[in-house]
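Asks: Have a look at this one.
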Amino acid sequence: MIRMPAVPARRLNPIHRATRLTTIIALLAVAMLTLGGCSAFGGGGSLDIRTDSDNAPAVFTGSFSTAVYSAMDENDVDIILIEGSEDAPKQAMHIRMHWMPRAGRTPVDDRATNATVRLVVFQENGAAVYSGAGFLFPHSTPGASNFTANLRSTALRLIDSTPGFSDALGAANATGAVSAVRDDDATLRIHRAIETALAAKLGYPRFVLNDKP
């Protein structure tokens with residue numbers, strides 16, 4: 001084995017040491033974000049749902065490995081999130097933002113809504129659709145390559161399901177976070193795939209579309 005001569009260690013002054021530390025932290029942050037998006041498209045999201053039951057309130061947490069979106073303009077954004085594959089999703093969510101809130105100009109009100117939500121849950125022998133309206137607060141500009149946002153105060157209720165579906169939510173309130181990659185074609189394709197999978201479970205078409213809040 002060839003041994004390379006030892007190289008004396010070089011001492012860094014405090015400024016160089018701080019600069020190197022900052023660079024390492026930045027690279028680690030990028031690596032964590034990259035590893036977090038394991039799907040073919042990247043992106044993802046999370047959803048926390050709290051039931052409104054006074055007797056036995058419960059909290060359910062969901063995650064989505066794929067998140068894509070399309071934007072007609074800054075006030076018309078469609079976001080699709082799925083867990084599982086396009087052909088066999090485990091759960092899916094469609095968020096439509098109808099208007100862009102403006103920092104310092106949009107009133108902060110717990111009852112304000114600017115987005116509608118459809119949550120589709122698939123089980124082995126059934127499926128269910130939950131619907132609601134809430135507030136989507138973007139952290140990036142619609143139309144950018146990546147779109148991040150937080151979903152707040154979204155009231156959900158069951159609107160359709162297969163016979164015998166086990167509904168553990170009932171009336172519920174949801175909050176979540178989204179990081180979506182812009183891909184207009186994939187957004188439309190996955191949207192159609194969700195509707196196809198849902199129709200196969202229900203036995204009839206159910207359009208996963210959102211009306212204005």
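The way I read the labels, and the way they are meant: chains A, B, ... in the order of the structure tokens, residue 1 as the first residue of every chain, and ligand 1 as the first ligand shown, with later ones counted on from there.
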Leaving out A:Val68 and any residue of its chain fewer than 4 positions from it, which residues lie within 10 Å of it when counting only C-alpha atoms, given as a ChimeraX atom specification?

Replies: /A:41-44,78-82,145-147,178-188,190

Asks: For the selection just defined, write its residues with C-alpha atoms to a file, as an mmCIF file, in the first residue's frame.

Replies:
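Printed below is selection-v8.cif as written:
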data_model
loop_
_atom_site.group_PDB
_atom_site.id
_atom_site.type_symbol
_atom_site.label_atom_id
_atom_site.label_comp_id
_atom_site.auth_asym_id
_atom_site.auth_seq_id
_atom_site.Cartn_x
_atom_site.Cartn_y
_atom_site.Cartn_z
ATOM 1 C CA PHE A 41 -41.079 14.762 -8.647
ATOM 2 C CA GLY A 42 -39.819 15.861 -5.252
ATOM 3 C CA GLY A 43 -41.819 17.948 -2.868
ATOM 4 C CA GLY A 44 -44.075 16.626 -0.169
ATOM 5 C CA ASP A 78 -53.872 23.909 -7.769
ATOM 6 C CA ILE A 79 -51.781 21.641 -5.529
ATOM 7 C CA ILE A 80 -51.915 17.846 -5.638
ATOM 8 C CA LEU A 81 -50.337 15.718 -2.903
ATOM 9 C CA ILE A 82 -50.263 11.926 -2.788
ATOM 10 C CA SER A 145 -40.338 26.271 -9.608
ATOM 11 C CA ASN A 146 -41.082 25.439 -5.964
ATOM 12 C CA PHE A 147 -44.087 26.570 -3.960
ATOM 13 C CA VAL A 178 -46.766 21.914 1.651
ATOM 14 C CA SER A 179 -43.660 22.051 -0.518
ATOM 15 C CA ALA A 180 -44.699 21.474 -4.138
ATOM 16 C CA VAL A 181 -42.771 21.325 -7.402
ATOM 17 C CA ARG A 182 -44.312 23.110 -10.362
ATOM 18 C CA ASP A 183 -45.331 20.634 -13.063
ATOM 19 C CA ASP A 184 -48.560 21.497 -14.856
ATOM 20 C CA ASP A 185 -48.709 18.232 -16.804
ATOM 21 C CA ALA A 186 -48.067 16.030 -13.776
ATOM 22 C CA THR A 187 -50.625 17.948 -11.722
ATOM 23 C CA LEU A 188 -53.346 17.236 -14.280
ATOM 24 C CA ILE A 190 -52.146 12.769 -11.093
#

Asks: Go through stretch 55-198 of chain A and collect every residue that DSSP, computed from the backbone, puts in helix (DSSP H, G or I); the answer should be as an mmCIF file with N, CA and C atoms, in the first residue's frame.

Replies:
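Okay, out-v8.cif is ready:
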data_model
loop_
_atom_site.group_PDB
_atom_site.id
_atom_site.type_symbol
_atom_site.label_atom_id
_atom_site.label_comp_id
_atom_site.auth_asym_id
_atom_site.auth_seq_id
_atom_site.Cartn_x
_atom_site.Cartn_y
_atom_site.Cartn_z
ATOM 1 N N ASP A 184 -47.163 21.397 -14.439
ATOM 2 C CA ASP A 184 -48.560 21.497 -14.856
ATOM 3 C C ASP A 184 -49.087 20.176 -15.407
ATOM 4 N N ASP A 185 -48.272 19.496 -16.211
ATOM 5 C CA ASP A 185 -48.709 18.232 -16.804
ATOM 6 C C ASP A 185 -48.908 17.159 -15.739
ATOM 7 N N ALA A 186 -47.957 17.043 -14.823
ATOM 8 C CA ALA A 186 -48.067 16.030 -13.776
ATOM 9 C C ALA A 186 -49.238 16.320 -12.846
ATOM 10 N N THR A 187 -49.501 17.594 -12.581
ATOM 11 C CA THR A 187 -50.625 17.948 -11.722
ATOM 12 C C THR A 187 -51.932 17.456 -12.320
ATOM 13 N N LEU A 188 -52.128 17.683 -13.606
ATOM 14 C CA LEU A 188 -53.346 17.236 -14.280
ATOM 15 C C LEU A 188 -53.403 15.713 -14.355
ATOM 16 N N ARG A 189 -52.276 15.081 -14.663
ATOM 17 C CA ARG A 189 -52.254 13.620 -14.804
ATOM 18 C C ARG A 189 -52.552 12.929 -13.470
ATOM 19 N N ILE A 190 -51.923 13.388 -12.398
ATOM 20 C CA ILE A 190 -52.146 12.769 -11.093
ATOM 21 C C ILE A 190 -53.569 13.032 -10.618
ATOM 22 N N HIS A 191 -54.070 14.219 -10.910
ATOM 23 C CA HIS A 191 -55.457 14.537 -10.564
ATOM 24 C C HIS A 191 -56.415 13.541 -11.205
ATOM 25 N N ARG A 192 -56.204 13.268 -12.476
ATOM 26 C CA ARG A 192 -57.058 12.295 -13.183
ATOM 27 C C ARG A 192 -56.867 10.889 -12.631
ATOM 28 N N ALA A 193 -55.641 10.545 -12.268
ATOM 29 C CA ALA A 193 -55.382 9.210 -11.712
ATOM 30 C C ALA A 193 -56.101 9.024 -10.386
ATOM 31 N N ILE A 194 -56.141 10.065 -9.567
ATOM 32 C CA ILE A 194 -56.855 9.994 -8.295
ATOM 33 C C ILE A 194 -58.342 9.775 -8.539
ATOM 34 N N GLU A 195 -58.910 10.528 -9.476
ATOM 35 C CA GLU A 195 -60.335 10.385 -9.768
ATOM 36 C C GLU A 195 -60.658 9.000 -10.323
ATOM 37 N N THR A 196 -59.746 8.449 -11.124
ATOM 38 C CA THR A 196 -59.950 7.101 -11.662
ATOM 39 C C THR A 196 -59.922 6.064 -10.541
ATOM 40 N N ALA A 197 -58.944 6.168 -9.647
ATOM 41 C CA ALA A 197 -58.842 5.231 -8.526
ATOM 42 C C ALA A 197 -60.039 5.366 -7.598
ATOM 43 N N LEU A 198 -60.508 6.591 -7.388
ATOM 44 C CA LEU A 198 -61.654 6.805 -6.511
ATOM 45 C C LEU A 198 -62.932 6.241 -7.127
#

Asks: Between A:Gln91, A:Ser63, A:Thr148, A:Thr175, which is the closest to A:Thr51 once you count only C-alpha atoms?

Replies: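 Using only C-alpha atoms, the shortest distance to A:Thr51 belongs to A:Thr175.
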
Asks: To one decimal place in Å, what is the distance between atom CA of A:Ser70 and atom CA of A:Ala149?

Replies: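 So the answer is 14.0 Å.
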
Asks: Can you pull out every residue from stretch 84-144 of chain A that DSSP, working from the backbone, puts in strand (DSSP E), and format the result as a ChimeraX atom specification?

Replies: /A:84,89-97,115-123,126-138

Asks: Would you mind reading off the distance between atom CA of A:Tyr130 and atom CA of A:Thr113, one decimal, in Å?

Replies: 16.8 Å

Asks: Find the residues around A:Arg118 up to 12 Å (only C-alpha atoms counted), leave out those fewer than 3 positions away in its own chain, and share them as number ranges by chain.

Replies: A: 78-82, 91-96, 115, 121, 128-134, 154-160, 174, 191, 194-195, 206-211

Asks: Keeping C-alpha atoms for every residue in the selection just given, could you write it to a file as a PDB file, in the first residue's frame?

Replies:
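Listing of selection_33.pdb after writing:
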ATOM      1  CA  ASP A  78     -53.872  23.909  -7.769  1.00  0.00           C
ATOM      2  CA  ILE A  79     -51.781  21.641  -5.529  1.00  0.00           C
ATOM      3  CA  ILE A  80     -51.915  17.846  -5.638  1.00  0.00           C
ATOM      4  CA  LEU A  81     -50.337  15.718  -2.903  1.00  0.00           C
ATOM      5  CA  ILE A  82     -50.263  11.926  -2.788  1.00  0.00           C
ATOM      6  CA  GLN A  91     -54.216   9.008   0.309  1.00  0.00           C
ATOM      7  CA  ALA A  92     -54.378  12.193  -1.714  1.00  0.00           C
ATOM      8  CA  MET A  93     -55.151  15.844  -1.183  1.00  0.00           C
ATOM      9  CA  HIS A  94     -56.137  18.584  -3.585  1.00  0.00           C
ATOM     10  CA  ILE A  95     -55.756  22.200  -2.453  1.00  0.00           C
ATOM     11  CA  ARG A  96     -57.011  25.069  -4.582  1.00  0.00           C
ATOM     12  CA  ALA A 115     -58.528  27.811  -0.237  1.00  0.00           C
ATOM     13  CA  VAL A 121     -58.433   8.331   1.901  1.00  0.00           C
ATOM     14  CA  ALA A 128     -63.761   8.265   1.400  1.00  0.00           C
ATOM     15  CA  VAL A 129     -63.718  11.931   0.431  1.00  0.00           C
ATOM     16  CA  TYR A 130     -63.472  14.741   2.972  1.00  0.00           C
ATOM     17  CA  SER A 131     -64.124  18.335   2.015  1.00  0.00           C
ATOM     18  CA  GLY A 132     -63.361  21.655   3.635  1.00  0.00           C
ATOM     19  CA  ALA A 133     -62.195  25.248   3.366  1.00  0.00           C
ATOM     20  CA  GLY A 134     -59.299  26.918   5.096  1.00  0.00           C
ATOM     21  CA  THR A 154     -59.282  23.939   7.672  1.00  0.00           C
ATOM     22  CA  ALA A 155     -62.602  22.435   8.746  1.00  0.00           C
ATOM     23  CA  LEU A 156     -63.112  18.994   7.153  1.00  0.00           C
ATOM     24  CA  ARG A 157     -66.190  16.800   6.933  1.00  0.00           C
ATOM     25  CA  LEU A 158     -67.000  13.514   5.226  1.00  0.00           C
ATOM     26  CA  ILE A 159     -68.960  14.036   1.983  1.00  0.00           C
ATOM     27  CA  ASP A 160     -68.790  10.604   0.343  1.00  0.00           C
ATOM     28  CA  ALA A 174     -56.702  20.284   9.750  1.00  0.00           C
ATOM     29  CA  HIS A 191     -55.457  14.537 -10.564  1.00  0.00           C
ATOM     30  CA  ILE A 194     -56.855   9.994  -8.295  1.00  0.00           C
ATOM     31  CA  GLU A 195     -60.335  10.385  -9.768  1.00  0.00           C
ATOM     32  CA  ARG A 206     -66.527  11.539  -8.073  1.00  0.00           C
ATOM     33  CA  PHE A 207     -64.725  14.627  -9.268  1.00  0.00           C
ATOM     34  CA  VAL A 208     -62.073  15.820  -6.854  1.00  0.00           C
ATOM     35  CA  LEU A 209     -62.727  19.455  -7.629  1.00  0.00           C
ATOM     36  CA  ASN A 210     -62.984  22.411  -5.320  1.00  0.00           C
ATOM     37  CA  ASP A 211     -65.524  25.189  -5.521  1.00  0.00           C
TER      38      ASP A 211
END

Asks: Report, in Å to a single decimal, how far apart atom CA of A:Asp167 and atom CA of A:Glu124 are.

Replies: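 That distance, rounded to one decimal, is 13.8 Å.
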